$ cat structure06.cif   # mmCIF, N, CA and C atoms and all ligand atoms
data_entry
loop_
_atom_site.label_atom_id
_atom_site.label_comp_id
_atom_site.auth_asym_id
_atom_site.auth_seq_id
_atom_site.Cartn_x
_atom_site.Cartn_y
_atom_site.Cartn_z
N MET P 1285 107.36 52.26 58.92
CA MET P 1285 106.57 53.24 59.70
C MET P 1285 107.46 54.42 60.06
N ASP P 1286 107.12 55.60 59.58
CA ASP P 1286 107.97 56.76 59.87
C ASP P 1286 107.42 57.61 61.02
N CYS P 1287 106.60 56.98 61.88
CA CYS P 1287 106.05 57.71 63.03
C CYS P 1287 107.07 57.70 64.17
N ILE P 1288 107.48 58.88 64.61
CA ILE P 1288 108.52 58.99 65.64
C ILE P 1288 108.10 58.30 66.94
N PHE P 1289 106.82 58.39 67.30
CA PHE P 1289 106.41 57.77 68.56
C PHE P 1289 106.32 56.25 68.43
N CYS P 1290 105.94 55.74 67.24
CA CYS P 1290 106.01 54.29 67.03
C CYS P 1290 107.45 53.81 67.13
N GLN P 1291 108.39 54.63 66.65
CA GLN P 1291 109.80 54.27 66.73
C GLN P 1291 110.28 54.27 68.18
N ILE P 1292 109.74 55.17 68.99
CA ILE P 1292 110.07 55.17 70.42
C ILE P 1292 109.50 53.92 71.08
N VAL P 1293 108.25 53.56 70.74
CA VAL P 1293 107.63 52.33 71.29
C VAL P 1293 108.49 51.12 70.92
N ALA P 1294 108.98 51.09 69.68
CA ALA P 1294 109.77 49.95 69.20
C ALA P 1294 111.20 49.96 69.73
N GLY P 1295 111.59 51.04 70.40
CA GLY P 1295 112.96 51.14 70.90
C GLY P 1295 113.96 51.52 69.83
N GLU P 1296 113.47 51.97 68.68
CA GLU P 1296 114.36 52.34 67.58
C GLU P 1296 114.89 53.76 67.73
N VAL P 1297 114.16 54.55 68.50
CA VAL P 1297 114.60 55.92 68.81
C VAL P 1297 114.71 56.01 70.32
N PRO P 1298 115.86 56.49 70.83
CA PRO P 1298 116.02 56.55 72.29
C PRO P 1298 115.06 57.55 72.93
N SER P 1299 114.63 57.22 74.14
CA SER P 1299 113.79 58.14 74.90
C SER P 1299 113.94 57.79 76.37
N ASP P 1300 113.55 58.72 77.21
CA ASP P 1300 113.64 58.52 78.65
C ASP P 1300 112.31 57.96 79.14
N ILE P 1301 112.16 56.65 79.03
CA ILE P 1301 110.90 56.00 79.38
C ILE P 1301 110.78 55.89 80.90
N VAL P 1302 109.63 56.34 81.43
CA VAL P 1302 109.42 56.30 82.87
C VAL P 1302 108.40 55.23 83.27
N TYR P 1303 107.64 54.74 82.30
CA TYR P 1303 106.62 53.73 82.60
C TYR P 1303 106.23 53.04 81.31
N GLN P 1304 105.97 51.75 81.39
CA GLN P 1304 105.28 51.10 80.27
C GLN P 1304 104.56 49.85 80.73
N ASP P 1305 103.49 49.52 80.02
CA ASP P 1305 102.77 48.28 80.25
C ASP P 1305 102.34 47.76 78.88
N GLU P 1306 101.38 46.85 78.84
CA GLU P 1306 101.00 46.26 77.55
C GLU P 1306 100.37 47.27 76.60
N GLU P 1307 99.74 48.29 77.17
CA GLU P 1307 98.95 49.22 76.36
C GLU P 1307 99.63 50.55 76.07
N VAL P 1308 100.40 51.06 77.03
CA VAL P 1308 100.92 52.42 76.92
C VAL P 1308 102.40 52.52 77.27
N VAL P 1309 103.01 53.61 76.81
CA VAL P 1309 104.38 53.98 77.19
C VAL P 1309 104.34 55.43 77.64
N ALA P 1310 105.12 55.76 78.68
CA ALA P 1310 105.26 57.15 79.11
C ALA P 1310 106.74 57.51 79.13
N PHE P 1311 107.06 58.68 78.60
CA PHE P 1311 108.46 59.12 78.53
C PHE P 1311 108.52 60.63 78.66
N ARG P 1312 109.74 61.13 78.95
CA ARG P 1312 109.93 62.57 79.12
C ARG P 1312 109.89 63.28 77.77
N ASP P 1313 109.19 64.40 77.73
CA ASP P 1313 109.16 65.22 76.52
C ASP P 1313 110.56 65.75 76.25
N ILE P 1314 110.97 65.71 74.98
CA ILE P 1314 112.31 66.13 74.60
C ILE P 1314 112.49 67.64 74.77
N ASN P 1315 111.40 68.37 74.78
CA ASN P 1315 111.45 69.84 74.89
C ASN P 1315 110.47 70.28 75.98
N PRO P 1316 110.84 70.01 77.25
CA PRO P 1316 109.88 70.23 78.34
C PRO P 1316 109.52 71.70 78.51
N VAL P 1317 108.25 71.96 78.77
CA VAL P 1317 107.78 73.33 79.02
C VAL P 1317 107.43 73.52 80.50
N ALA P 1318 107.65 72.49 81.30
CA ALA P 1318 107.41 72.58 82.74
C ALA P 1318 108.38 71.58 83.40
N PRO P 1319 108.66 71.76 84.70
CA PRO P 1319 109.60 70.83 85.38
C PRO P 1319 109.20 69.37 85.22
N THR P 1320 107.90 69.10 85.29
CA THR P 1320 107.40 67.76 84.94
C THR P 1320 106.69 67.88 83.60
N HIS P 1321 107.21 67.19 82.59
CA HIS P 1321 106.54 67.17 81.29
C HIS P 1321 106.74 65.79 80.69
N LEU P 1322 105.71 64.97 80.87
CA LEU P 1322 105.74 63.60 80.36
C LEU P 1322 104.72 63.45 79.24
N LEU P 1323 104.97 62.48 78.38
CA LEU P 1323 104.02 62.13 77.33
C LEU P 1323 103.56 60.71 77.58
N ILE P 1324 102.26 60.50 77.58
CA ILE P 1324 101.69 59.16 77.74
C ILE P 1324 101.05 58.80 76.41
N ILE P 1325 101.47 57.70 75.81
CA ILE P 1325 100.98 57.35 74.47
C ILE P 1325 100.53 55.89 74.43
N PRO P 1326 99.54 55.59 73.59
CA PRO P 1326 99.21 54.18 73.36
C PRO P 1326 100.31 53.53 72.53
N LYS P 1327 100.59 52.26 72.78
CA LYS P 1327 101.59 51.57 71.96
C LYS P 1327 101.09 51.42 70.52
N ARG P 1328 99.78 51.21 70.40
CA ARG P 1328 99.20 51.07 69.07
C ARG P 1328 99.14 52.44 68.39
N HIS P 1329 99.41 52.49 67.10
CA HIS P 1329 99.38 53.77 66.39
C HIS P 1329 97.94 54.20 66.15
N ILE P 1330 97.52 55.23 66.90
CA ILE P 1330 96.24 55.90 66.68
C ILE P 1330 96.62 57.34 66.34
N PRO P 1331 96.26 57.85 65.16
CA PRO P 1331 96.78 59.16 64.74
C PRO P 1331 96.38 60.33 65.64
N SER P 1332 95.15 60.33 66.12
CA SER P 1332 94.69 61.45 66.96
C SER P 1332 93.40 61.06 67.66
N LEU P 1333 92.93 61.94 68.54
CA LEU P 1333 91.63 61.74 69.20
C LEU P 1333 90.53 61.55 68.17
N ALA P 1334 90.65 62.28 67.05
CA ALA P 1334 89.60 62.24 66.03
C ALA P 1334 89.54 60.88 65.33
N HIS P 1335 90.58 60.07 65.49
CA HIS P 1335 90.64 58.75 64.86
C HIS P 1335 90.28 57.63 65.82
N LEU P 1336 89.92 57.99 67.04
CA LEU P 1336 89.65 57.00 68.08
C LEU P 1336 88.31 56.33 67.82
N SER P 1337 88.32 55.01 67.70
CA SER P 1337 87.06 54.30 67.49
C SER P 1337 86.39 54.02 68.83
N GLU P 1338 85.14 53.65 68.76
CA GLU P 1338 84.37 53.34 69.98
C GLU P 1338 85.09 52.28 70.82
N THR P 1339 85.62 51.27 70.16
CA THR P 1339 86.26 50.19 70.92
C THR P 1339 87.60 50.62 71.50
N GLU P 1340 88.17 51.70 70.95
CA GLU P 1340 89.46 52.17 71.46
C GLU P 1340 89.31 53.17 72.61
N LEU P 1341 88.08 53.63 72.88
CA LEU P 1341 87.86 54.65 73.91
C LEU P 1341 88.48 54.31 75.28
N PRO P 1342 88.46 53.05 75.72
CA PRO P 1342 89.01 52.75 77.05
C PRO P 1342 90.49 53.10 77.20
N ILE P 1343 91.22 53.23 76.10
CA ILE P 1343 92.64 53.58 76.20
C ILE P 1343 92.81 54.95 76.85
N ILE P 1344 91.84 55.83 76.64
CA ILE P 1344 91.93 57.18 77.23
C ILE P 1344 91.86 57.09 78.76
N GLY P 1345 90.95 56.27 79.25
CA GLY P 1345 90.86 56.07 80.70
C GLY P 1345 92.14 55.49 81.26
N HIS P 1346 92.72 54.57 80.52
CA HIS P 1346 93.97 53.96 80.97
C HIS P 1346 95.10 54.99 80.97
N MET P 1347 95.15 55.84 79.95
CA MET P 1347 96.18 56.88 79.90
C MET P 1347 96.02 57.85 81.08
N VAL P 1348 94.78 58.18 81.44
CA VAL P 1348 94.54 59.07 82.59
C VAL P 1348 94.99 58.38 83.88
N LYS P 1349 94.68 57.09 84.00
CA LYS P 1349 95.09 56.35 85.20
C LYS P 1349 96.61 56.37 85.36
N VAL P 1350 97.32 56.11 84.25
CA VAL P 1350 98.79 56.11 84.28
C VAL P 1350 99.30 57.51 84.58
N ALA P 1351 98.69 58.53 83.97
CA ALA P 1351 99.13 59.91 84.21
C ALA P 1351 98.95 60.27 85.69
N ASN P 1352 97.81 59.89 86.27
CA ASN P 1352 97.58 60.19 87.70
C ASN P 1352 98.63 59.51 88.58
N GLN P 1353 98.97 58.28 88.24
CA GLN P 1353 99.98 57.54 88.98
C GLN P 1353 101.35 58.22 88.85
N LEU P 1354 101.69 58.65 87.62
CA LEU P 1354 102.98 59.31 87.40
C LEU P 1354 103.02 60.67 88.09
N ALA P 1355 101.87 61.34 88.17
CA ALA P 1355 101.80 62.63 88.87
C ALA P 1355 102.09 62.41 90.37
N ARG P 1356 101.51 61.35 90.93
CA ARG P 1356 101.79 61.04 92.34
C ARG P 1356 103.27 60.73 92.53
N GLU P 1357 103.81 59.87 91.65
CA GLU P 1357 105.22 59.47 91.78
C GLU P 1357 106.15 60.65 91.55
N GLY P 1358 105.73 61.58 90.70
CA GLY P 1358 106.57 62.75 90.40
C GLY P 1358 106.41 63.88 91.40
N GLY P 1359 105.54 63.67 92.38
CA GLY P 1359 105.39 64.65 93.45
C GLY P 1359 104.59 65.88 93.08
N VAL P 1360 103.77 65.80 92.02
CA VAL P 1360 102.98 66.97 91.63
C VAL P 1360 101.48 66.77 91.87
N ALA P 1361 101.11 65.61 92.42
CA ALA P 1361 99.68 65.35 92.62
C ALA P 1361 99.06 66.36 93.57
N GLU P 1362 99.82 66.73 94.62
CA GLU P 1362 99.30 67.68 95.61
C GLU P 1362 99.29 69.11 95.08
N SER P 1363 100.39 69.49 94.42
CA SER P 1363 100.53 70.88 93.95
C SER P 1363 99.64 71.15 92.74
N GLY P 1364 99.37 70.11 91.98
CA GLY P 1364 98.48 70.25 90.82
C GLY P 1364 99.19 70.02 89.51
N TYR P 1365 98.41 69.62 88.54
CA TYR P 1365 99.00 69.31 87.22
C TYR P 1365 97.92 69.43 86.16
N ARG P 1366 98.34 69.29 84.92
CA ARG P 1366 97.41 69.45 83.80
C ARG P 1366 97.65 68.31 82.80
N LEU P 1367 96.57 67.74 82.33
CA LEU P 1367 96.64 66.74 81.25
C LEU P 1367 96.09 67.38 79.99
N VAL P 1368 96.84 67.27 78.90
CA VAL P 1368 96.45 67.93 77.65
C VAL P 1368 96.56 66.93 76.51
N ILE P 1369 95.53 66.89 75.67
CA ILE P 1369 95.61 66.14 74.41
C ILE P 1369 95.28 67.11 73.28
N ASN P 1370 96.27 67.43 72.47
CA ASN P 1370 96.04 68.26 71.30
C ASN P 1370 95.55 67.38 70.15
N CYS P 1371 94.64 67.91 69.36
CA CYS P 1371 94.10 67.14 68.24
C CYS P 1371 94.08 67.97 66.97
N GLY P 1372 94.81 67.52 65.98
CA GLY P 1372 94.77 68.17 64.68
C GLY P 1372 95.57 69.46 64.62
N GLU P 1373 95.65 70.00 63.42
CA GLU P 1373 96.53 71.15 63.18
C GLU P 1373 96.16 72.36 64.05
N GLN P 1374 94.90 72.74 64.03
CA GLN P 1374 94.52 73.93 64.79
C GLN P 1374 94.44 73.65 66.28
N GLY P 1375 94.40 72.38 66.66
CA GLY P 1375 94.45 72.00 68.07
C GLY P 1375 95.86 71.94 68.60
N GLY P 1376 96.85 72.19 67.73
CA GLY P 1376 98.24 72.25 68.18
C GLY P 1376 98.96 70.91 68.19
N GLN P 1377 98.39 69.92 67.50
CA GLN P 1377 99.04 68.60 67.47
C GLN P 1377 100.13 68.58 66.40
N LEU P 1378 101.37 68.33 66.84
CA LEU P 1378 102.50 68.28 65.90
C LEU P 1378 102.88 66.84 65.55
N VAL P 1379 102.75 65.94 66.51
CA VAL P 1379 103.12 64.54 66.26
C VAL P 1379 101.83 63.73 66.04
N PRO P 1380 101.66 63.14 64.86
CA PRO P 1380 100.40 62.47 64.54
C PRO P 1380 100.30 61.04 65.09
N HIS P 1381 100.54 60.93 66.39
CA HIS P 1381 100.34 59.68 67.13
C HIS P 1381 99.74 60.14 68.46
N LEU P 1382 98.54 59.67 68.78
CA LEU P 1382 97.82 60.13 69.98
C LEU P 1382 98.75 60.18 71.20
N HIS P 1383 98.72 61.31 71.91
CA HIS P 1383 99.54 61.43 73.12
C HIS P 1383 98.90 62.40 74.09
N MET P 1384 99.13 62.15 75.36
CA MET P 1384 98.64 63.00 76.44
C MET P 1384 99.85 63.62 77.13
N HIS P 1385 99.82 64.96 77.27
CA HIS P 1385 100.88 65.65 78.02
C HIS P 1385 100.51 65.66 79.50
N LEU P 1386 101.47 65.37 80.36
CA LEU P 1386 101.34 65.59 81.81
C LEU P 1386 102.28 66.72 82.18
N LEU P 1387 101.69 67.84 82.59
CA LEU P 1387 102.48 69.04 82.90
C LEU P 1387 102.31 69.38 84.37
N GLY P 1388 103.41 69.71 85.04
CA GLY P 1388 103.32 70.11 86.43
C GLY P 1388 104.65 70.63 86.93
N GLY P 1389 104.66 71.02 88.21
CA GLY P 1389 105.90 71.49 88.82
C GLY P 1389 106.08 72.99 88.79
N ARG P 1390 105.16 73.69 88.16
CA ARG P 1390 105.13 75.16 88.22
C ARG P 1390 103.69 75.60 88.02
N ARG P 1391 103.42 76.86 88.37
CA ARG P 1391 102.06 77.38 88.13
C ARG P 1391 101.86 77.56 86.64
N LEU P 1392 100.93 76.84 86.07
CA LEU P 1392 100.69 76.90 84.62
C LEU P 1392 99.78 78.08 84.30
N SER P 1393 99.90 78.57 83.09
CA SER P 1393 99.08 79.72 82.70
C SER P 1393 97.61 79.34 82.71
N GLY P 1394 96.78 80.33 82.96
CA GLY P 1394 95.35 80.06 83.02
C GLY P 1394 94.70 79.99 81.64
N GLY P 1395 95.49 80.33 80.62
CA GLY P 1395 94.90 80.41 79.27
C GLY P 1395 94.62 79.04 78.66
N LEU P 1396 93.63 79.01 77.83
CA LEU P 1396 93.32 77.78 77.10
C LEU P 1396 93.55 77.99 75.61
N GLY P 1397 94.36 78.94 75.28
CA GLY P 1397 94.74 79.13 73.88
C GLY P 1397 93.97 80.27 73.23
P1 LIG Y 1401 101.99 68.02 70.29
O1 LIG Y 1401 102.27 69.44 69.89
O2 LIG Y 1401 101.90 67.10 69.08
O3 LIG Y 1401 100.82 67.89 71.21
O4 LIG Y 1401 103.22 67.58 71.15
C1 LIG Y 1401 104.28 66.82 70.66
C2 LIG Y 1401 105.33 66.78 71.74
O5 LIG Y 1401 106.25 65.76 71.41
C3 LIG Y 1401 106.13 68.08 71.88
O6 LIG Y 1401 106.01 68.58 73.22
C4 LIG Y 1401 107.56 67.67 71.54
O7 LIG Y 1401 108.53 68.32 72.34
C5 LIG Y 1401 107.55 66.17 71.77
N1 LIG Y 1401 108.45 65.41 70.93
C6 LIG Y 1401 108.56 65.50 69.58
N2 LIG Y 1401 109.48 64.63 69.12
C7 LIG Y 1401 109.96 63.97 70.22
C8 LIG Y 1401 110.95 62.95 70.39
O8 LIG Y 1401 111.57 62.46 69.44
N3 LIG Y 1401 111.17 62.52 71.66
C9 LIG Y 1401 110.50 63.04 72.74
N4 LIG Y 1401 110.82 62.54 73.94
N5 LIG Y 1401 109.57 64.00 72.62
C10 LIG Y 1401 109.30 64.47 71.37
ZN ZN Y 1402 102.75 56.03 65.65
#
$ encode --input "structure06.cif" --output "structure tokens"
Amino acid sequence: MDCIFCQIVAGEVPSDIVYQDEEVVAFRDINPVAPTHLLIIPKRHIPSLAHLSETELPIIGHMVKVANQLAREGGVAESGYRLVINCGEQGGQLVPHLHMHLLGGRRLSGGLG
């Protein structure tokens, strides 16, 4: 498997993991664009939102729950934060393993692309 995020899940590639459970792993983005920039990913390889099956939909709720918890722990829950999932080439997805960005710690731009 040459998926970089699967390699992070397997511990084959080092990362700064801040949370994990049976379903998901959260770690610091290697190239942060905000003071808080975490990635929340399913352990199972799902290429993108567009590949999510009906039975896999609950993983999104779980990722949001973990992101909200990490936002509280990271001290950005009050000031505000943004959760982003890019999908596909024109959606800005570079890593083909489903992931949610948690961004916070500064005023984010109002633009949506
Ligand atoms: P995308 O553009 O696919 O939504 O976001 C991919 C994100 O993964 C980028 O913000 C990028 O900095 C991050 N990233 C890519 N490779 C690695 C890596 O090996 N380790 C970590 N921690 N983050 C990575
Ligand atoms: Zn993967």
$ residues_near_ligand --input "structure06.cif" --ligand "ligand LIG 1401 (chain Y)" --cutoff "6 Å" --atoms "all atoms listed in the file" --output "list in words"
Ile1288, Ser1299, Asp1300, Phe1311, Arg1312, Asp1313, Ile1314, Asn1315, Pro1316, Ile1369, Asn1370, Gly1376, Gln1377, Leu1378, Val1379 and Pro1380 of chain P
$ select_by_dssp --input "structure06.cif" --residues "chain P" --states "strand (DSSP E)" --output "number ranges by chain"
P: 1301-1304, 1308-1312, 1320-1326, 1365-1368, 1384-1388
$ atom_distance --input "structure06.cif" --atom1 "atom C of Gly1364 of chain P" --atom2 "atom N of Gly1388 of chain P"
6.2 Å
$ residues_near_ligand --input "structure06.cif" --ligand "ligand ZN 1402 (chain Y)" --cutoff "12 Å" --atoms "only C-alpha atoms and all ligand atoms" --output "ChimeraX atom specification"
/P:1285-1294,1308-1309,1325-1332,1379-1383
$ atom_distance --input "structure06.cif" --atom1 "atom C of Glu1307 of chain P" --atom2 "atom CA of Cys1371 of chain P"
19.2 Å
$ closest_residue --input "structure06.cif" --among "P:His1335, P:Leu1387, P:Glu1306, P:Tyr1365" --to "His1321 of chain P" --atoms "only N, CA and C atoms"
P:Leu1387
$ select_by_dssp --input "structure06.cif" --residues "segment 1327-1365 of chain P" --states "alpha helix (DSSP H)" --output "PyMOL selection string"
chain P and resi 1342-1357
$ closest_residue --input "structure06.cif" --among "P:Gly1397, P:Pro1342, P:Pro1298, P:Gly1389" --to "Arg1366 of chain P" --atoms "all atoms listed in the file"
P:Gly1389
$ closest_residue --input "structure06.cif" --among "P:Arg1390, P:Leu1396, P:Gly1375, P:Glu1296" --to "Val1317 of chain P" --atoms "only N, CA and C atoms"
P:Arg1390
$ atom_distance --input "structure06.cif" --atom1 "atom N of Leu1322 of chain P" --atom2 "atom CA of Leu1386 of chain P"
4.5 Å
$ residues_around --input "structure06.cif" --residues "Asn1352 of chain P" --least-positions-apart "6" --cutoff "8 Å" --atoms "all atoms listed in the file" --output "PDB file with N, CA and C atoms, in the coordinates of the input"
ATOM      1  N   HIS P1346      92.720  54.570  80.520  1.00  0.00           N
ATOM      2  CA  HIS P1346      93.970  53.960  80.970  1.00  0.00           C
ATOM      3  C   HIS P1346      95.100  54.990  80.970  1.00  0.00           C
ATOM      4  N   GLY P1358     105.730  61.580  90.700  1.00  0.00           N
ATOM      5  CA  GLY P1358     106.570  62.750  90.400  1.00  0.00           C
ATOM      6  C   GLY P1358     106.410  63.880  91.400  1.00  0.00           C
ATOM      7  N   ALA P1361     101.110  65.610  92.420  1.00  0.00           N
ATOM      8  CA  ALA P1361      99.680  65.350  92.620  1.00  0.00           C
ATOM      9  C   ALA P1361      99.060  66.360  93.570  1.00  0.00           C
TER      10      ALA P1361
END
